[in-house]
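Dumped query_30.cif below, it's mmCIF, N, CA, C and O atoms:
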data_work
loop_
_atom_site.label_atom_id
_atom_site.label_comp_id
_atom_site.auth_asym_id
_atom_site.auth_seq_id
_atom_site.Cartn_x
_atom_site.Cartn_y
_atom_site.Cartn_z
N MET W 1 -66.39 -246.14 66.34
CA MET W 1 -67.70 -246.10 65.72
C MET W 1 -68.65 -245.19 66.49
O MET W 1 -69.51 -244.57 65.90
N LYS W 2 -68.46 -245.14 67.80
CA LYS W 2 -69.35 -244.32 68.63
C LYS W 2 -69.41 -242.88 68.12
O LYS W 2 -70.50 -242.29 68.01
N GLU W 3 -68.26 -242.31 67.78
CA GLU W 3 -68.21 -240.93 67.33
C GLU W 3 -68.95 -240.73 66.00
O GLU W 3 -69.64 -239.74 65.81
N SER W 4 -68.81 -241.68 65.09
CA SER W 4 -69.47 -241.54 63.79
C SER W 4 -70.99 -241.67 63.89
O SER W 4 -71.71 -241.17 63.02
N LEU W 5 -71.48 -242.30 64.95
CA LEU W 5 -72.92 -242.43 65.14
C LEU W 5 -73.56 -241.17 65.70
O LEU W 5 -74.77 -240.99 65.60
N GLN W 6 -72.76 -240.28 66.28
CA GLN W 6 -73.31 -239.06 66.89
C GLN W 6 -74.15 -238.24 65.92
O GLN W 6 -75.14 -237.65 66.30
N GLN W 7 -73.76 -238.23 64.64
CA GLN W 7 -74.50 -237.45 63.65
C GLN W 7 -75.93 -237.96 63.45
O GLN W 7 -76.78 -237.23 62.95
N PHE W 8 -76.21 -239.20 63.85
CA PHE W 8 -77.53 -239.79 63.66
C PHE W 8 -78.39 -239.77 64.92
O PHE W 8 -79.55 -240.18 64.88
N LEU W 9 -77.85 -239.30 66.02
CA LEU W 9 -78.56 -239.32 67.29
C LEU W 9 -79.87 -238.53 67.19
O LEU W 9 -79.88 -237.39 66.75
N ASN W 10 -80.98 -239.17 67.58
CA ASN W 10 -82.32 -238.58 67.59
C ASN W 10 -82.83 -238.16 66.22
O ASN W 10 -83.73 -237.33 66.12
N GLN W 11 -82.29 -238.75 65.15
CA GLN W 11 -82.79 -238.52 63.79
C GLN W 11 -83.50 -239.78 63.30
O GLN W 11 -83.16 -240.89 63.71
N GLU W 12 -84.44 -239.60 62.40
CA GLU W 12 -85.08 -240.74 61.76
C GLU W 12 -84.09 -241.36 60.78
O GLU W 12 -83.51 -240.65 59.95
N VAL W 13 -83.86 -242.67 60.91
CA VAL W 13 -82.88 -243.35 60.06
C VAL W 13 -83.41 -244.70 59.59
O VAL W 13 -84.36 -245.25 60.15
N ARG W 14 -82.78 -245.20 58.55
CA ARG W 14 -82.96 -246.58 58.10
C ARG W 14 -81.69 -247.31 58.51
O ARG W 14 -80.59 -246.87 58.18
N LEU W 15 -81.83 -248.40 59.23
CA LEU W 15 -80.68 -249.16 59.72
C LEU W 15 -80.71 -250.55 59.11
O LEU W 15 -81.75 -251.21 59.13
N VAL W 16 -79.59 -250.96 58.53
CA VAL W 16 -79.46 -252.30 57.97
C VAL W 16 -78.61 -253.11 58.93
O VAL W 16 -77.47 -252.73 59.23
N LYS W 17 -79.18 -254.21 59.42
CA LYS W 17 -78.45 -255.06 60.35
C LYS W 17 -77.53 -256.00 59.58
O LYS W 17 -77.62 -256.12 58.36
N ASP W 18 -76.65 -256.70 60.29
CA ASP W 18 -75.67 -257.57 59.66
C ASP W 18 -76.30 -258.74 58.91
O ASP W 18 -75.67 -259.34 58.04
N ASP W 19 -77.57 -259.05 59.19
CA ASP W 19 -78.27 -260.11 58.46
C ASP W 19 -79.10 -259.54 57.30
O ASP W 19 -79.95 -260.21 56.75
N ASP W 20 -78.85 -258.27 56.95
CA ASP W 20 -79.52 -257.52 55.88
C ASP W 20 -80.98 -257.20 56.17
O ASP W 20 -81.71 -256.77 55.29
N PHE W 21 -81.42 -257.37 57.41
CA PHE W 21 -82.76 -256.99 57.81
C PHE W 21 -82.77 -255.48 58.01
O PHE W 21 -81.88 -254.91 58.64
N VAL W 22 -83.77 -254.80 57.44
CA VAL W 22 -83.85 -253.34 57.49
C VAL W 22 -84.91 -252.91 58.49
O VAL W 22 -86.02 -253.44 58.50
N ILE W 23 -84.54 -251.95 59.35
CA ILE W 23 -85.50 -251.38 60.29
C ILE W 23 -85.42 -249.86 60.21
O ILE W 23 -84.39 -249.30 59.85
N TRP W 24 -86.54 -249.21 60.51
CA TRP W 24 -86.61 -247.76 60.51
C TRP W 24 -86.89 -247.30 61.92
O TRP W 24 -87.65 -247.94 62.65
N GLY W 25 -86.28 -246.19 62.31
CA GLY W 25 -86.50 -245.66 63.64
C GLY W 25 -85.52 -244.56 63.98
O GLY W 25 -85.04 -243.86 63.09
N ARG W 26 -85.19 -244.47 65.28
CA ARG W 26 -84.38 -243.39 65.79
C ARG W 26 -83.38 -243.92 66.80
O ARG W 26 -83.74 -244.70 67.68
N ILE W 27 -82.11 -243.52 66.67
CA ILE W 27 -81.10 -243.85 67.68
C ILE W 27 -81.33 -242.90 68.85
O ILE W 27 -81.25 -241.68 68.69
N THR W 28 -81.65 -243.46 70.01
CA THR W 28 -81.97 -242.61 71.16
C THR W 28 -80.79 -242.47 72.13
O THR W 28 -80.71 -241.47 72.83
N LYS W 29 -79.90 -243.45 72.18
CA LYS W 29 -78.71 -243.38 73.03
C LYS W 29 -77.58 -244.13 72.37
O LYS W 29 -77.80 -245.14 71.70
N ILE W 30 -76.36 -243.65 72.59
CA ILE W 30 -75.17 -244.31 72.07
C ILE W 30 -74.27 -244.65 73.25
O ILE W 30 -73.90 -243.77 74.03
N HIS W 31 -73.95 -245.92 73.40
CA HIS W 31 -73.07 -246.38 74.47
C HIS W 31 -71.72 -246.74 73.86
O HIS W 31 -71.50 -246.58 72.66
N ASP W 32 -70.79 -247.23 74.65
CA ASP W 32 -69.45 -247.56 74.17
C ASP W 32 -69.43 -248.71 73.17
O ASP W 32 -68.54 -248.78 72.32
N ASP W 33 -70.38 -249.63 73.24
CA ASP W 33 -70.37 -250.80 72.35
C ASP W 33 -71.73 -251.12 71.73
O ASP W 33 -71.87 -252.13 71.05
N CYS W 34 -72.73 -250.26 71.94
CA CYS W 34 -74.07 -250.53 71.42
C CYS W 34 -74.88 -249.24 71.33
O CYS W 34 -74.45 -248.20 71.82
N ILE W 35 -76.03 -249.35 70.69
CA ILE W 35 -76.96 -248.23 70.61
C ILE W 35 -78.32 -248.68 71.13
O ILE W 35 -78.62 -249.88 71.16
N GLU W 36 -79.12 -247.71 71.53
CA GLU W 36 -80.52 -247.95 71.81
C GLU W 36 -81.28 -247.37 70.63
O GLU W 36 -81.06 -246.21 70.25
N PHE W 37 -82.14 -248.19 70.03
CA PHE W 37 -82.82 -247.83 68.79
C PHE W 37 -84.32 -247.95 69.00
O PHE W 37 -84.83 -249.02 69.32
N PHE W 38 -85.03 -246.84 68.82
CA PHE W 38 -86.48 -246.81 69.00
C PHE W 38 -87.16 -247.11 67.68
O PHE W 38 -86.98 -246.39 66.70
N THR W 39 -87.94 -248.19 67.64
CA THR W 39 -88.68 -248.58 66.45
C THR W 39 -89.93 -249.35 66.88
O THR W 39 -89.90 -250.07 67.88
N ASP W 40 -91.00 -249.18 66.16
CA ASP W 40 -92.26 -249.89 66.46
C ASP W 40 -92.68 -249.73 67.92
O ASP W 40 -93.08 -250.69 68.58
N ASN W 41 -92.54 -248.53 68.46
CA ASN W 41 -92.94 -248.21 69.84
C ASN W 41 -92.20 -249.03 70.90
O ASN W 41 -92.75 -249.32 71.96
N ARG W 42 -90.98 -249.43 70.59
CA ARG W 42 -90.16 -250.14 71.58
C ARG W 42 -88.70 -249.78 71.34
O ARG W 42 -88.34 -249.27 70.29
N ILE W 43 -87.88 -250.06 72.34
CA ILE W 43 -86.44 -249.77 72.24
C ILE W 43 -85.68 -251.09 72.10
O ILE W 43 -85.87 -252.00 72.90
N MET W 44 -84.85 -251.16 71.07
CA MET W 44 -83.97 -252.30 70.85
C MET W 44 -82.56 -251.88 71.22
O MET W 44 -82.18 -250.74 71.02
N VAL W 45 -81.78 -252.83 71.73
CA VAL W 45 -80.36 -252.58 71.97
C VAL W 45 -79.60 -253.38 70.91
O VAL W 45 -79.77 -254.59 70.80
N LEU W 46 -78.80 -252.67 70.13
CA LEU W 46 -78.02 -253.31 69.06
C LEU W 46 -76.54 -253.05 69.28
O LEU W 46 -76.12 -251.90 69.40
N SER W 47 -75.74 -254.11 69.31
CA SER W 47 -74.30 -253.93 69.42
C SER W 47 -73.76 -253.41 68.08
O SER W 47 -74.37 -253.63 67.03
N PHE W 48 -72.64 -252.72 68.13
CA PHE W 48 -72.06 -252.14 66.93
C PHE W 48 -71.81 -253.18 65.85
O PHE W 48 -71.97 -252.91 64.66
N ASN W 49 -71.40 -254.40 66.23
CA ASN W 49 -71.10 -255.42 65.21
C ASN W 49 -72.34 -255.93 64.50
O ASN W 49 -72.23 -256.65 63.52
N ARG W 50 -73.54 -255.59 64.96
CA ARG W 50 -74.79 -255.97 64.28
C ARG W 50 -75.22 -254.94 63.25
O ARG W 50 -76.13 -255.18 62.48
N ILE W 51 -74.56 -253.78 63.23
CA ILE W 51 -74.95 -252.69 62.34
C ILE W 51 -74.11 -252.73 61.07
O ILE W 51 -72.89 -252.66 61.11
N LYS W 52 -74.80 -252.84 59.94
CA LYS W 52 -74.12 -252.87 58.64
C LYS W 52 -74.13 -251.49 57.99
O LYS W 52 -73.13 -251.05 57.43
N GLU W 53 -75.27 -250.80 58.09
CA GLU W 53 -75.39 -249.50 57.44
C GLU W 53 -76.47 -248.68 58.12
O GLU W 53 -77.47 -249.22 58.58
N ILE W 54 -76.25 -247.36 58.15
CA ILE W 54 -77.25 -246.43 58.66
C ILE W 54 -77.39 -245.32 57.64
O ILE W 54 -76.39 -244.75 57.19
N VAL W 55 -78.63 -245.02 57.28
CA VAL W 55 -78.91 -243.93 56.35
C VAL W 55 -79.92 -243.01 57.00
O VAL W 55 -81.02 -243.44 57.36
N ALA W 56 -79.55 -241.73 57.17
CA ALA W 56 -80.48 -240.75 57.70
C ALA W 56 -81.55 -240.49 56.65
O ALA W 56 -81.23 -240.37 55.46
N LEU W 57 -82.77 -240.44 57.07
CA LEU W 57 -83.85 -240.13 56.14
C LEU W 57 -83.81 -238.63 55.88
O LEU W 57 -84.15 -237.83 56.71
N GLY W 58 -83.28 -238.28 54.73
CA GLY W 58 -83.11 -236.88 54.37
C GLY W 58 -81.67 -236.55 54.02
O GLY W 58 -81.40 -235.86 53.07
N LYS W 59 -80.71 -237.08 54.80
CA LYS W 59 -79.29 -236.80 54.52
C LYS W 59 -78.40 -237.71 55.34
O LYS W 59 -78.83 -238.30 56.32
N GLY W 60 -77.15 -237.81 54.95
CA GLY W 60 -76.14 -238.54 55.71
C GLY W 60 -76.20 -240.04 55.52
O GLY W 60 -77.26 -240.61 55.29
N ARG W 61 -75.04 -240.68 55.62
CA ARG W 61 -74.97 -242.13 55.46
C ARG W 61 -73.71 -242.63 56.16
O ARG W 61 -72.68 -241.99 56.12
N MET W 62 -73.82 -243.81 56.78
CA MET W 62 -72.65 -244.45 57.39
C MET W 62 -72.70 -245.92 57.03
O MET W 62 -73.75 -246.56 57.16
N HIS W 63 -71.59 -246.45 56.56
CA HIS W 63 -71.49 -247.87 56.22
C HIS W 63 -70.44 -248.49 57.13
O HIS W 63 -69.36 -247.94 57.28
N HIS W 64 -70.76 -249.64 57.72
CA HIS W 64 -69.85 -250.28 58.67
C HIS W 64 -69.65 -251.72 58.26
O HIS W 64 -70.60 -252.46 58.08
N GLU W 65 -68.40 -252.10 58.09
CA GLU W 65 -68.06 -253.49 57.79
C GLU W 65 -67.49 -254.13 59.05
O GLU W 65 -66.61 -253.55 59.69
N ASN W 66 -67.98 -255.30 59.41
CA ASN W 66 -67.43 -256.00 60.56
C ASN W 66 -66.07 -256.58 60.21
O ASN W 66 -65.87 -257.08 59.11
N PRO W 67 -65.11 -256.52 61.14
CA PRO W 67 -63.76 -257.05 60.86
C PRO W 67 -63.76 -258.55 60.67
O PRO W 67 -64.60 -259.27 61.06
#
Output the file's structure in the form of C-alpha cells.
Amino acid sequence: MKESLQQFLNQEVRLVKDDDFVIWGRITKIHDDCIEFFTDNRIMVLSFNRIKEIVALGKGRMHHENP
C-alpha cells in the first residue's frame, strides 16, 4: 500500500476512513504502516487499515479494502 500512496504525497485529498468518516487534507509523510495526514492545522497519524479510500482533489483515486 505504501507504494500506491506515493501518488498522493503532498496533494490535497479527500480521505475516507474505515468508519466512513470523511476528512480533507494532505498526506505529508508515508511510513511502512501508516501516514501522517495534515488537516485542520494539525497532523494525524493513520494506520493503513484505517484508510478506506483516497481521492485526489482534481485527479486520481485509490480504494483500499481491509482483509
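Using only N, CA, C and O atoms, the smallest distance between any of W:Asn10, W:Trp24, W:Leu5, W:Asp18 and Thr39 of chain W comes from W:Trp24.
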*Write out as JSON, numbers by chain the residues lying within 12 Å of segment 30-38 of chain W, counting only C-alpha atoms and excluding same-chain residues fewer than 4 positions away.*
{"W": [1, 2, 3, 4, 5, 6, 7, 8, 9, 10, 11, 12, 13, 14, 15, 17, 23, 24, 25, 26, 42, 43, 44, 45, 46, 47, 48, 49, 50, 51, 54]}
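You will find atom N of Asp20 of chain W at 8.4 Å from atom N of Glu53 of chain W.
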*asked:* Using DSSP assignments from the backbone, pull out every residue in chain W that falls under alpha helix (DSSP H) and give it to me as number ranges by chain.
replied: W: 2-5
